[in-house]
>>> print(open('upload_25.pdb').read())   # PDB, C-alpha atoms and all ligand atoms
ATOM      1  CA  MET A   1      -0.663  39.163 -60.091  1.00  0.00           C
ATOM      2  CA  ALA A   2      -3.828  37.155 -60.625  1.00  0.00           C
ATOM      3  CA  THR A   3      -4.291  33.950 -58.698  1.00  0.00           C
ATOM      4  CA  SER A   4      -7.184  31.506 -58.485  1.00  0.00           C
ATOM      5  CA  ASN A   5      -6.867  31.336 -54.707  1.00  0.00           C
ATOM      6  CA  PRO A   6      -8.730  34.317 -53.095  1.00  0.00           C
ATOM      7  CA  ARG A   7      -6.732  34.124 -49.864  1.00  0.00           C
ATOM      8  CA  GLU A   8      -3.437  34.132 -51.747  1.00  0.00           C
ATOM      9  CA  GLU A   9      -4.647  37.103 -53.753  1.00  0.00           C
ATOM     10  CA  THR A  10      -5.578  39.043 -50.585  1.00  0.00           C
ATOM     11  CA  ASN A  11      -2.163  38.318 -49.075  1.00  0.00           C
ATOM     12  CA  TRP A  12      -0.489  39.519 -52.226  1.00  0.00           C
ATOM     13  CA  TYR A  13      -2.398  42.815 -52.193  1.00  0.00           C
ATOM     14  CA  LYS A  14      -1.568  43.227 -48.498  1.00  0.00           C
ATOM     15  CA  ALA A  15       2.102  42.715 -49.270  1.00  0.00           C
ATOM     16  CA  VAL A  16       1.964  45.324 -52.040  1.00  0.00           C
ATOM     17  CA  ASP A  17       0.212  47.770 -49.694  1.00  0.00           C
ATOM     18  CA  GLY A  18       2.855  47.091 -47.060  1.00  0.00           C
ATOM     19  CA  LEU A  19       5.637  47.882 -49.504  1.00  0.00           C
ATOM     20  CA  ARG A  20       3.889  51.113 -50.528  1.00  0.00           C
ATOM     21  CA  TYR A  21       3.689  52.266 -46.893  1.00  0.00           C
ATOM     22  CA  LEU A  22       7.311  51.267 -46.367  1.00  0.00           C
ATOM     23  CA  GLU A  23       8.345  53.221 -49.458  1.00  0.00           C
ATOM     24  CA  LYS A  24       6.480  56.347 -48.293  1.00  0.00           C
ATOM     25  CA  GLY A  25       8.174  56.255 -44.900  1.00  0.00           C
ATOM     26  CA  LEU A  26      11.569  55.503 -46.374  1.00  0.00           C
ATOM     27  CA  VAL A  27      11.537  58.359 -48.891  1.00  0.00           C
ATOM     28  CA  CYS A  28      11.791  61.062 -46.190  1.00  0.00           C
ATOM     29  CA  PHE A  29      14.204  59.046 -44.053  1.00  0.00           C
ATOM     30  CA  VAL A  30      16.600  58.244 -46.904  1.00  0.00           C
ATOM     31  CA  ASP A  31      16.441  61.759 -48.356  1.00  0.00           C
ATOM     32  CA  ASN A  32      17.304  63.249 -44.967  1.00  0.00           C
ATOM     33  CA  ARG A  33      20.096  60.762 -44.239  1.00  0.00           C
ATOM     34  CA  ALA A  34      21.543  61.140 -47.746  1.00  0.00           C
ATOM     35  CA  GLN A  35      21.760  64.909 -47.216  1.00  0.00           C
ATOM     36  CA  ASN A  36      23.393  64.397 -43.800  1.00  0.00           C
ATOM     37  CA  LEU A  37      25.913  61.980 -45.308  1.00  0.00           C
ATOM     38  CA  TYR A  38      26.776  64.527 -47.992  1.00  0.00           C
ATOM     39  CA  ILE A  39      27.250  67.237 -45.351  1.00  0.00           C
ATOM     40  CA  LYS A  40      29.435  64.872 -43.303  1.00  0.00           C
ATOM     41  CA  PHE A  41      31.679  64.140 -46.310  1.00  0.00           C
ATOM     42  CA  THR A  42      31.893  67.771 -47.443  1.00  0.00           C
ATOM     43  CA  ASP A  43      32.769  68.876 -43.888  1.00  0.00           C
ATOM     44  CA  VAL A  44      35.637  66.365 -43.777  1.00  0.00           C
ATOM     45  CA  ILE A  45      36.932  67.489 -47.181  1.00  0.00           C
ATOM     46  CA  LYS A  46      36.683  71.194 -46.340  1.00  0.00           C
ATOM     47  CA  ARG A  47      38.468  70.635 -43.047  1.00  0.00           C
ATOM     48  CA  ASN A  48      41.284  68.650 -44.668  1.00  0.00           C
ATOM     49  CA  THR A  49      41.769  70.988 -47.612  1.00  0.00           C
ATOM     50  CA  ASN A  50      41.035  74.358 -45.959  1.00  0.00           C
ATOM     51  CA  LYS A  51      38.470  75.030 -48.663  1.00  0.00           C
ATOM     52  CA  THR A  52      35.398  77.109 -47.908  1.00  0.00           C
ATOM     53  CA  SER A  53      33.487  76.048 -51.005  1.00  0.00           C
ATOM     54  CA  MET A  54      33.787  73.107 -53.347  1.00  0.00           C
ATOM     55  CA  SER A  55      33.311  72.837 -57.048  1.00  0.00           C
ATOM     56  CA  CYS A  56      34.498  70.391 -59.711  1.00  0.00           C
ATOM     57  CA  SER A  57      32.795  69.088 -62.811  1.00  0.00           C
ATOM     58  CA  GLN A  58      35.873  67.641 -64.516  1.00  0.00           C
ATOM     59  CA  CYS A  59      36.065  64.183 -62.971  1.00  0.00           C
ATOM     60  CA  LYS A  60      34.547  60.965 -64.240  1.00  0.00           C
ATOM     61  CA  ILE A  61      34.697  57.514 -62.761  1.00  0.00           C
ATOM     62  CA  ASN A  62      37.081  56.440 -65.534  1.00  0.00           C
ATOM     63  CA  ASN A  63      39.635  59.229 -65.132  1.00  0.00           C
ATOM     64  CA  LEU A  64      39.661  59.761 -61.374  1.00  0.00           C
ATOM     65  CA  LEU A  65      42.381  58.549 -59.027  1.00  0.00           C
ATOM     66  CA  PRO A  66      41.347  57.958 -55.431  1.00  0.00           C
ATOM     67  CA  TRP A  67      43.075  60.341 -53.078  1.00  0.00           C
ATOM     68  CA  HIS A  68      44.649  57.923 -50.519  1.00  0.00           C
ATOM     69  CA  GLY A  69      46.655  60.526 -48.579  1.00  0.00           C
ATOM     70  CA  ALA A  70      48.670  57.639 -47.169  1.00  0.00           C
ATOM     71  CA  LYS A  71      48.995  54.130 -48.524  1.00  0.00           C
ATOM     72  CA  ALA A  72      47.557  52.738 -45.289  1.00  0.00           C
ATOM     73  CA  LEU A  73      44.302  54.599 -46.038  1.00  0.00           C
ATOM     74  CA  CYS A  74      43.550  52.343 -49.002  1.00  0.00           C
ATOM     75  CA  PRO A  75      40.409  50.364 -48.181  1.00  0.00           C
ATOM     76  CA  HIS A  76      41.878  47.473 -50.160  1.00  0.00           C
ATOM     77  CA  VAL A  77      45.277  47.588 -48.516  1.00  0.00           C
ATOM     78  CA  SER A  78      45.443  43.779 -48.392  1.00  0.00           C
ATOM     79  CA  ASN A  79      44.484  43.452 -52.077  1.00  0.00           C
ATOM     80  CA  PRO A  80      45.762  46.436 -54.117  1.00  0.00           C
ATOM     81  CA  PHE A  81      44.561  44.869 -57.398  1.00  0.00           C
ATOM     82  CA  LYS A  82      41.020  45.738 -56.338  1.00  0.00           C
ATOM     83  CA  CYS A  83      41.887  49.424 -56.036  1.00  0.00           C
ATOM     84  CA  THR A  84      42.009  51.830 -58.979  1.00  0.00           C
ATOM     85  CA  GLY A  85      44.417  53.997 -56.975  1.00  0.00           C
ATOM     86  CA  CYS A  86      46.896  51.248 -56.169  1.00  0.00           C
ATOM     87  CA  ASN A  87      46.579  48.928 -59.162  1.00  0.00           C
ATOM     88  CA  VAL A  88      49.456  50.030 -61.413  1.00  0.00           C
ATOM     89  CA  ARG A  89      47.597  49.304 -64.680  1.00  0.00           C
ATOM     90  CA  ALA A  90      44.408  51.134 -63.657  1.00  0.00           C
ATOM     91  CA  LYS A  91      46.485  54.008 -62.340  1.00  0.00           C
ATOM     92  CA  LYS A  92      48.089  54.780 -65.701  1.00  0.00           C
ATOM     93  CA  SER A  93      44.928  56.117 -67.333  1.00  0.00           C
ATOM     94  CA  ARG A  94      43.865  58.226 -64.364  1.00  0.00           C
ATOM     95  CA  ARG A  95      44.802  61.512 -62.711  1.00  0.00           C
ATOM     96  CA  HIS A  96      44.012  63.215 -59.417  1.00  0.00           C
ATOM     97  CA  CYS A  97      41.040  65.581 -59.225  1.00  0.00           C
ATOM     98  CA  PRO A  98      42.381  69.009 -60.289  1.00  0.00           C
ATOM     99  CA  GLU A  99      40.435  70.565 -57.410  1.00  0.00           C
ATOM    100  CA  ASN A 100      41.649  67.958 -54.881  1.00  0.00           C
ATOM    101  CA  ILE A 101      38.029  67.080 -54.044  1.00  0.00           C
ATOM    102  CA  CYS A 102      36.564  64.148 -55.987  1.00  0.00           C
ATOM    103  CA  GLY A 103      39.270  61.608 -55.041  1.00  0.00           C
ATOM    104  CA  ARG A 104      38.578  62.450 -51.411  1.00  0.00           C
ATOM    105  CA  PHE A 105      34.858  61.893 -51.935  1.00  0.00           C
ATOM    106  CA  TYR A 106      35.762  58.583 -53.591  1.00  0.00           C
ATOM    107  CA  ASP A 107      37.761  57.398 -50.574  1.00  0.00           C
ATOM    108  CA  LEU A 108      35.105  58.496 -48.090  1.00  0.00           C
ATOM    109  CA  ILE A 109      32.413  56.624 -50.022  1.00  0.00           C
ATOM    110  CA  VAL A 110      34.511  53.438 -50.255  1.00  0.00           C
ATOM    111  CA  HIS A 111      35.285  53.558 -46.534  1.00  0.00           C
ATOM    112  CA  ASP A 112      31.613  54.158 -45.685  1.00  0.00           C
ATOM    113  CA  HIS A 113      30.350  51.299 -47.868  1.00  0.00           C
ATOM    114  CA  TYR A 114      29.838  48.251 -45.696  1.00  0.00           C
ATOM    115  CA  ARG A 115      31.760  45.962 -48.070  1.00  0.00           C
ATOM    116  CA  ASN A 116      34.094  48.763 -49.230  1.00  0.00           C
ATOM    117  CA  GLU A 117      32.842  48.052 -52.739  1.00  0.00           C
ATOM    118  CA  PRO A 118      30.448  50.728 -53.984  1.00  0.00           C
ATOM    119  CA  LEU A 119      28.966  50.249 -57.434  1.00  0.00           C
ATOM    120  CA  TRP A 120      29.904  53.282 -59.542  1.00  0.00           C
ATOM    121  CA  ASP A 121      27.591  52.546 -62.511  1.00  0.00           C
ATOM    122  CA  ASN A 122      24.701  54.734 -61.338  1.00  0.00           C
ATOM    123  CA  THR A 123      26.504  57.853 -60.202  1.00  0.00           C
ATOM    124  CA  ASP A 124      27.705  60.899 -62.147  1.00  0.00           C
ATOM    125  CA  VAL A 125      31.041  61.875 -60.565  1.00  0.00           C
ATOM    126  CA  SER A 126      31.036  65.278 -62.308  1.00  0.00           C
ATOM    127  CA  ARG A 127      28.087  66.221 -60.043  1.00  0.00           C
ATOM    128  CA  TRP A 128      29.501  65.027 -56.712  1.00  0.00           C
ATOM    129  CA  THR A 129      30.230  68.554 -55.485  1.00  0.00           C
ATOM    130  CA  THR A 130      26.736  69.861 -56.248  1.00  0.00           C
ATOM    131  CA  ASP A 131      24.227  67.003 -55.896  1.00  0.00           C
ATOM    132  CA  TYR A 132      23.955  64.922 -52.727  1.00  0.00           C
ATOM    133  CA  TRP A 133      21.887  62.324 -54.554  1.00  0.00           C
ATOM    134  CA  GLN A 134      24.838  61.401 -56.780  1.00  0.00           C
ATOM    135  CA  ILE A 135      26.695  60.384 -53.604  1.00  0.00           C
ATOM    136  CA  ALA A 136      23.735  58.351 -52.329  1.00  0.00           C
ATOM    137  CA  LYS A 137      23.555  56.540 -55.683  1.00  0.00           C
ATOM    138  CA  CYS A 138      26.951  54.941 -54.987  1.00  0.00           C
ATOM    139  CA  TYR A 139      25.209  52.676 -52.470  1.00  0.00           C
ATOM    140  CA  LEU A 140      22.715  51.276 -54.993  1.00  0.00           C
ATOM    141  CA  SER A 141      22.840  48.125 -57.067  1.00  0.00           C
ATOM    142  CA  LYS A 142      22.627  48.152 -60.874  1.00  0.00           C
ATOM    143  CA  GLY A 143      19.766  49.849 -62.731  1.00  0.00           C
ATOM    144  CA  TYR A 144      19.402  53.289 -61.116  1.00  0.00           C
ATOM    145  CA  LYS A 145      21.487  55.423 -63.450  1.00  0.00           C
ATOM    146  CA  ASP A 146      18.522  57.477 -64.679  1.00  0.00           C
ATOM    147  CA  LYS A 147      16.910  57.875 -61.211  1.00  0.00           C
ATOM    148  CA  GLU A 148      17.514  61.530 -60.450  1.00  0.00           C
ATOM    149  CA  SER A 149      16.198  61.772 -56.885  1.00  0.00           C
ATOM    150  CA  VAL A 150      14.952  59.812 -53.908  1.00  0.00           C
ATOM    151  CA  ARG A 151      11.408  60.077 -55.275  1.00  0.00           C
ATOM    152  CA  HIS A 152      12.355  58.232 -58.449  1.00  0.00           C
ATOM    153  CA  THR A 153      13.954  55.384 -56.505  1.00  0.00           C
ATOM    154  CA  ASP A 154      11.999  52.227 -55.691  1.00  0.00           C
ATOM    155  CA  VAL A 155      11.768  50.602 -52.285  1.00  0.00           C
ATOM    156  CA  GLY A 156      14.525  48.102 -53.119  1.00  0.00           C
ATOM    157  CA  GLY A 157      16.909  50.958 -53.900  1.00  0.00           C
ATOM    158  CA  LEU A 158      15.986  52.879 -50.759  1.00  0.00           C
ATOM    159  CA  LEU A 159      16.651  49.776 -48.658  1.00  0.00           C
ATOM    160  CA  SER A 160      20.018  49.258 -50.381  1.00  0.00           C
ATOM    161  CA  ILE A 161      21.141  52.770 -49.411  1.00  0.00           C
ATOM    162  CA  CYS A 162      20.147  52.119 -45.770  1.00  0.00           C
ATOM    163  CA  ILE A 163      21.894  48.744 -45.667  1.00  0.00           C
ATOM    164  CA  ASN A 164      25.053  49.655 -47.586  1.00  0.00           C
ATOM    165  CA  SER A 165      26.039  52.907 -45.850  1.00  0.00           C
ATOM    166  CA  LYS A 166      27.738  52.325 -42.500  1.00  0.00           C
ATOM    167  CA  THR A 167      26.751  55.851 -41.428  1.00  0.00           C
ATOM    168  CA  ILE A 168      23.059  55.451 -42.318  1.00  0.00           C
ATOM    169  CA  GLN A 169      22.962  51.933 -40.816  1.00  0.00           C
ATOM    170  CA  ARG A 170      23.777  53.429 -37.412  1.00  0.00           C
ATOM    171  CA  ASP A 171      20.436  55.292 -37.395  1.00  0.00           C
ATOM    172  CA  ILE A 172      18.444  52.086 -37.894  1.00  0.00           C
ATOM    173  CA  THR A 173      17.479  50.160 -34.765  1.00  0.00           C
ATOM    174  CA  HIS A 174      16.443  46.920 -36.458  1.00  0.00           C
ATOM    175  CA  LEU A 175      18.645  46.636 -39.510  1.00  0.00           C
ATOM    176  CA  CYS A 176      17.869  42.914 -39.771  1.00  0.00           C
ATOM    177  CA  ASN A 177      14.246  43.819 -40.683  1.00  0.00           C
ATOM    178  CA  PHE A 178      15.534  45.996 -43.527  1.00  0.00           C
ATOM    179  CA  LYS A 179      17.693  43.126 -44.765  1.00  0.00           C
ATOM    180  CA  GLU A 180      14.779  40.686 -44.606  1.00  0.00           C
ATOM    181  CA  VAL A 181      12.488  42.938 -46.676  1.00  0.00           C
ATOM    182  CA  SER A 182      15.324  43.629 -49.074  1.00  0.00           C
ATOM    183  CA  ILE A 183      15.850  39.965 -49.987  1.00  0.00           C
ATOM    184  CA  SER A 184      12.155  38.910 -49.906  1.00  0.00           C
TER     185      SER A 184
HETATM  186 ZN    ZN A 201      44.240  51.882 -52.940  1.00  0.00          ZN
HETATM  187 ZN    ZN A 202      37.149  66.506 -59.457  1.00  0.00          ZN
END
>>> encode(input="upload_25.pdb", output="structure tokens", more="lines below")
Ligand SMILES: [Zn+2]
Ligand SMILES: [Zn+2]
Amino acid sequence: MATSNPREETNWYKAVDGLRYLEKGLVCFVDNRAQNLYIKFTDVIKRNTNKTSMSCSQCKINNLLPWHGAKALCPHVSNPFKCTGCNVRAKKSRRHCPENICGRFYDLIVHDHYRNEPLWDNTDVSRWTTDYWQIAKCYLSKGYKDKESVRHTDVGGLLSICINSKTIQRDITHLCNFKEVSIS
């Protein structure tokens, strides 16, 4: 950004520097927390299914039914039209994960999202059992489909993951600062 006002220009460069430092610090933090979140989810699924290892590459966001072991577990219990597992029309074209894994991941992600509304555009469901970053990508906004790791993700994306995951939020002392940077 070029500006005719030298002070404005200095402030702008300072702001850019600040964001670069923030990004550097966030990369390690988000990578670590994304791995922990993945371990947390896989532990829950293994415990509930008695599986010792997990593998499935057959599910896609358009053919997967959420697991919802009990109706009350639907995150949209008050508005079933929002839910692909409870909405009768959406349900017709879907089936449960043949390995009984991906639908469980789906539910855990929805429950962990602070608005219970993850955006599925960026993630590749067929890699949920093997790639923790595909889980983290469910907490991003549009435009990160081709970003294959934390290092390819910009500061706005890293902040979104911190703000949108209830689990990761708990490790942040001043979440309001994250929200401020995120909207500025
Ligand atoms: Zn539901
Ligand atoms: Zn599956």
>>> residues_around(input="upload_25.pdb", residues="Gly25 of chain A", least_positions_apart="4", cutoff="12 Å", atoms="all atoms listed in the file", output="list in words")
Gly18, Leu19, Arg20, Tyr21, Phe29, Val30, Asp31, Asn32, Val150, Arg151, Val155, Leu158 and Leu159 of chain A
>>> residues_near_ligand(input="upload_25.pdb", ligand="ligand ZN 202 (chain A)", cutoff="12 Å", atoms="all atoms listed in the file", output="MDAnalysis selection string")
chainID A and resid 54:67 94:106 124:130
>>> residues_near_ligand(input="upload_25.pdb", ligand="ligand ZN 201 (chain A)", cutoff="9 Å", atoms="only C-alpha atoms and all ligand atoms", output="list of chain:residue names")
A:Pro66, A:Trp67, A:His68, A:Lys71, A:Ala72, A:Leu73, A:Cys74, A:Pro75, A:His76, A:Val77, A:Asn79, A:Pro80, A:Phe81, A:Lys82, A:Cys83, A:Thr84, A:Gly85, A:Cys86, A:Asn87, A:Asp107
>>> closest_residue(input="upload_25.pdb", among="A:Asn116, A:Ser160, A:Thr123, A:Gln169", to="Asp146 of chain A", atoms="all atoms listed in the file")
A:Thr123
>>> atom_distance(input="upload_25.pdb", atom1="atom CA of Phe41 of chain A", atom2="atom CA of Lys142 of chain A")
23.4 Å
